[in-house]
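Okay, so here's the structure we're looking at.
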Amino acid sequence: MTEQVRVRFAPSPTGRLHIGGARTAIFNWAFARAMGGTFILRIEDTDPERSTEENVQVILNAMKWLGLDWDEGPEVGGEAGPYFQMQRMSTYAAALEKLKERGAVYPCFCSKEELDAKREAAGESYAGYDRTCRDLDPAEAQRRIDAGEPHTWRLKVPLDRGAIEFDDAVYGHVSFPADVMDDMILVRTDGSPTYNFAVVCDDANMGITHVIRGDDHLSNTPRQILIYEALGAKTPTFAHLSMILGPDGKKLSKRHGATSVEEYRDRGFLPDAMVNFLALLGWSLDGETTIMSRETICSEFSLDRITKKDAIFDETKLSWMNGQYIQKMGAAEWVRLSEPWLARAHAEGYPYVHTAVVPTPDPNAPAEEEAVEPLNEEQWAAFADELNANPAFYEGLYPLVAERETSLAEAEAKLAYMFWGPCVLLDEKSVNKVLRKEGARADEAIAACREVLADEANPWEAAVLEEKCRALAEPLDMKLKNLLQPLRVAICGNMVSPPLFESIELLRREDVLARIDATVAEVF
Ligand code: GLU
């Protein structure tokens, strides 16, 4: 019988869920699903200074947002709990007792000052703890413990152990010389477990079969193997994931874009796109397929298709992928997920603005980092009312941007003009290039099109209105561009807006005419 796969994602709640952590979580989750195994979430909160309850929530929320459901862990429980290390202290104490019984540990009374002095004296040639306390007479050691002398507990690394070797599912055969392993501390003077000890106790007690984690833990692995052996526990299979680098080959950092899952969510990225993209940071289905559903990832994931080559985090590719998901998602879903940005566009638009020419934003200006003011309750309520009253309008916005959006957040700026009611914010550059263009007869073009739009006999449909307006080019002896661009600017405020007639159809006739009149009054 093959063993039941049990894997875990073990974040330390010292910050947000970062891209690297999310990738590790996805690999564990997908592997568990592919193997019909169990995915466990364990919170490693033993660093009291940096671990916070708030960070735990942020991580859980990010996991939920990504759709990485865990079978055991916080909120869902499970037989191997508790799933917070701080609640598992008694298990580490029990493991220490077991190691004492097996003669695998010894108390060390060397003070920090003594150890530091030895390290300093040895300089470059320091080879780890010199095992001063290893051969203390047990009765003497017990007497000192009973007398309350501060002590740590160290692992008694077998002196004949030889090299520590293991087969990493990604890195292949790995061998560490035994003599670099000093008798590491497992339990500190205050009784708390060290990181390596806690991780091994938990992985052993939780029956973890595969440890899939970042390769920053590769160098901890030989130490952990020694602890498994001392406990007489079965060593799991290890799979260490390569580093994630930016496109410039440097370690991923803020320079390359956002670093936490939360930031990507707030910038309008979709969970499906994120999971798809992150799954491919070091794993591939067949070396070719880029777009794949979570079902495919979950059924096809395997450790042997993980590469040890560094993975490159390319935000341009992520944006492209996000765009692919936006195109596929359909209008209703798009509206649901775009609500934060549509609500902003709604709040900033109708009926609060007046027609005016506004400066064109400088595309090279550094992005403003200042936090955006959240909408207040009233603004949300007004948006919700309108959304309920007019769902067709909102769903109609989707085809205006679906083909071109690479993030849901773009809706706020790209669709702002749809919320201006009878007013227009005229982009200065568009006004100068299109409306005030010498000899282009923009005013004539607008006046002619206005007649078509004002004619109640014309049904308010994009195709009809477009055909009738286009037909004016010939009698006016005008290029189509000179005929329709002015109309676009007059209604949408910009020469690069989404499709014009589809936009017009979604707006009310009286607003469209009011916008045209306001533009004419402002510009000509
Ligand atoms: N808590 C560790 C970290 O955040 C993970 C330990 C492990 O996966 O073994 O890096």
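Identifiers in the structure tokens: chain A, B, ... in order shown; residue index from 1 per chain; ligand index from 1 in order shown.
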Quick one: pick out all strand (DSSP E) residues within range 36-217 of chain A from a backbone DSSP run and write them as a PyMOL selection string.
chain A and resi 38-41+105-108+152-155+164-168+172-176+185-187+210-214
Nearby polymer residues, ligand 1, at most 6 Å, only C-alpha atoms and all ligand atoms, as a list in words
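What falls inside 6 Å of ligand 1 is Ala10, Pro11, Ser12, Glu44 and Arg213 of chain A.
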Closest atom pairs, residues of range 178-221 of chain A within 7 Å of range 83-96 of chain A, only C-alpha atoms, as CSV:
```
residue,atom,partner,partner_atom,distance
A:Pro193,CA,A:Tyr92,CA,6.7
A:Ala198,CA,A:Tyr92,CA,6.6
A:Cys201,CA,A:Tyr92,CA,6.6
```
Close residues, range 381-387 of chain A itself excluded, 12 Å, only C-alpha atoms, min 3 positions apart in chain, as a ChimeraX atom specification
/A:332,335-336,338-351,375-378,390-396,419
Find the residues around range 293-299 of chain A up to 9 Å (only C-alpha atoms counted), leave out those fewer than 4 positions away in its own chain, and share them as a PyMOL selection string.
chain A and resi 29-35+272-273+275-276+279+285
Can I get the selected residues back with C-alpha atoms, as an mmCIF file, in the first residue's frame?
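So selection.cif came out as:
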```cif
data_model
loop_
_atom_site.group_PDB
_atom_site.id
_atom_site.type_symbol
_atom_site.label_atom_id
_atom_site.label_comp_id
_atom_site.auth_asym_id
_atom_site.auth_seq_id
_atom_site.Cartn_x
_atom_site.Cartn_y
_atom_site.Cartn_z
ATOM 1 C CA TRP A 29 -1.674 22.151 -1.722
ATOM 2 C CA ALA A 30 -1.495 20.973 -5.336
ATOM 3 C CA PHE A 31 0.656 17.979 -4.403
ATOM 4 C CA ALA A 32 -1.783 16.966 -1.658
ATOM 5 C CA ARG A 33 -4.700 17.259 -4.058
ATOM 6 C CA ALA A 34 -2.930 15.357 -6.852
ATOM 7 C CA MET A 35 -2.044 12.529 -4.463
ATOM 8 C CA ASP A 272 -7.067 32.002 -10.444
ATOM 9 C CA ALA A 273 -4.415 33.920 -12.373
ATOM 10 C CA VAL A 275 -2.437 30.420 -8.615
ATOM 11 C CA ASN A 276 -1.785 29.602 -12.263
ATOM 12 C CA ALA A 279 2.270 27.197 -9.892
ATOM 13 C CA LEU A 285 2.816 20.656 -16.777
#
```
Using only C-alpha atoms, which of A:Val372, A:Leu231, A:Ile19, A:Leu453 sits nearest Leu245 in chain A?
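Among A:Val372, A:Leu231, A:Ile19, A:Leu453, it is A:Ile19 that comes nearest to Leu245 in chain A.
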Go through A:Trp460, A:Tyr398, A:Phe301, A:Phe313 and flag the residue nearest Glu333 in chain A, using only C-alpha atoms for the distances.
A:Tyr398
Which residues, written as a ChimeraX atom specification, have at least one atom at most 12 Å from Ala448 in chain A, with only C-alpha atoms counted and residues fewer than 5 positions away on the same chain left out?
/A:441-443,453-455,468-473,475-476,478,483-484,486-487,516
Those of range 94-230 of chain A in DSSP alpha helix (DSSP H), formatted as a PyMOL selection string:
chain A and resi 94-101+112-122+138-146+195-205+221-230
Show which residues sit within 10 Å of Lys234 in chain A, as a PDB file with N, CA, C and O atoms, in the first residue's frame. Count only C-alpha atoms, and ignore same-chain residues fewer than 2 positions away.
```pdb
ATOM      1  N   ASP A 203       6.644  17.959  12.520  1.00  0.00           N
ATOM      2  CA  ASP A 203       6.524  17.152  11.306  1.00  0.00           C
ATOM      3  C   ASP A 203       6.399  15.668  11.660  1.00  0.00           C
ATOM      4  O   ASP A 203       5.620  14.937  11.049  1.00  0.00           O
ATOM      5  N   ALA A 204       7.154  15.244  12.686  1.00  0.00           N
ATOM      6  CA  ALA A 204       7.075  13.834  13.086  1.00  0.00           C
ATOM      7  C   ALA A 204       5.704  13.539  13.708  1.00  0.00           C
ATOM      8  O   ALA A 204       5.027  12.586  13.313  1.00  0.00           O
ATOM      9  N   GLY A 207       2.818  13.417  11.299  1.00  0.00           N
ATOM     10  CA  GLY A 207       2.902  12.393  10.256  1.00  0.00           C
ATOM     11  C   GLY A 207       3.165  12.955   8.871  1.00  0.00           C
ATOM     12  O   GLY A 207       2.659  12.435   7.868  1.00  0.00           O
ATOM     13  N   ILE A 208       3.945  14.033   8.823  1.00  0.00           N
ATOM     14  CA  ILE A 208       4.238  14.660   7.533  1.00  0.00           C
ATOM     15  C   ILE A 208       5.098  13.706   6.686  1.00  0.00           C
ATOM     16  O   ILE A 208       6.125  13.215   7.148  1.00  0.00           O
ATOM     17  N   THR A 209       4.665  13.459   5.464  1.00  0.00           N
ATOM     18  CA  THR A 209       5.404  12.521   4.606  1.00  0.00           C
ATOM     19  C   THR A 209       6.364  13.237   3.661  1.00  0.00           C
ATOM     20  O   THR A 209       7.376  12.681   3.267  1.00  0.00           O
ATOM     21  N   ILE A 225      17.568  16.062  10.027  1.00  0.00           N
ATOM     22  CA  ILE A 225      17.649  14.604   9.866  1.00  0.00           C
ATOM     23  C   ILE A 225      18.251  13.964  11.123  1.00  0.00           C
ATOM     24  O   ILE A 225      17.782  12.928  11.606  1.00  0.00           O
ATOM     25  N   TYR A 228      15.519  13.738  13.666  1.00  0.00           N
ATOM     26  CA  TYR A 228      14.612  12.606  13.380  1.00  0.00           C
ATOM     27  C   TYR A 228      15.231  11.305  13.864  1.00  0.00           C
ATOM     28  O   TYR A 228      14.581  10.485  14.504  1.00  0.00           O
ATOM     29  N   GLU A 229      16.509  11.141  13.534  1.00  0.00           N
ATOM     30  CA  GLU A 229      17.179   9.888  13.905  1.00  0.00           C
ATOM     31  C   GLU A 229      17.237   9.735  15.420  1.00  0.00           C
ATOM     32  O   GLU A 229      17.018   8.649  15.951  1.00  0.00           O
ATOM     33  N   LEU A 231      15.185  10.876  17.552  1.00  0.00           N
ATOM     34  CA  LEU A 231      13.836  10.580  18.048  1.00  0.00           C
ATOM     35  C   LEU A 231      13.371   9.189  17.615  1.00  0.00           C
ATOM     36  O   LEU A 231      12.335   8.703  18.074  1.00  0.00           O
ATOM     37  N   GLY A 232      14.115   8.589  16.697  1.00  0.00           N
ATOM     38  CA  GLY A 232      13.680   7.299  16.151  1.00  0.00           C
ATOM     39  C   GLY A 232      12.471   7.470  15.253  1.00  0.00           C
ATOM     40  O   GLY A 232      11.641   6.570  15.117  1.00  0.00           O
ATOM     41  N   PRO A 236      10.989  12.340   6.579  1.00  0.00           N
ATOM     42  CA  PRO A 236      10.118  12.528   5.404  1.00  0.00           C
ATOM     43  C   PRO A 236      10.944  12.715   4.133  1.00  0.00           C
ATOM     44  O   PRO A 236      12.162  12.843   4.190  1.00  0.00           O
ATOM     45  N   THR A 237      10.267  12.745   3.011  1.00  0.00           N
ATOM     46  CA  THR A 237      10.932  13.108   1.760  1.00  0.00           C
ATOM     47  C   THR A 237      11.022  14.634   1.721  1.00  0.00           C
ATOM     48  O   THR A 237      10.050  15.310   2.057  1.00  0.00           O
TER      49      THR A 237
END
```
Can you tell me which residues surround range 315-330 of chain A at a distance of at most 8 Å, considering only C-alpha atoms, apart from same-chain residues fewer than 2 positions away, and format the answer as a list in words?
His256, Gly257, Phe269, Leu270, Asp272, Ala273, Met274, Phe277, Ile291, Phe313, Ala332, Glu333, Trp334, Tyr398, Ala402, Glu403, Arg404, Glu405, Thr406, Ser407 and Leu408 of chain A
Looking at only C-alpha atoms, which of A:His240, A:Lys250, A:Arg450, A:His151 is the one that sits closest to Arg23 in chain A?
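Using only C-alpha atoms, the shortest distance to Arg23 in chain A belongs to A:His240.
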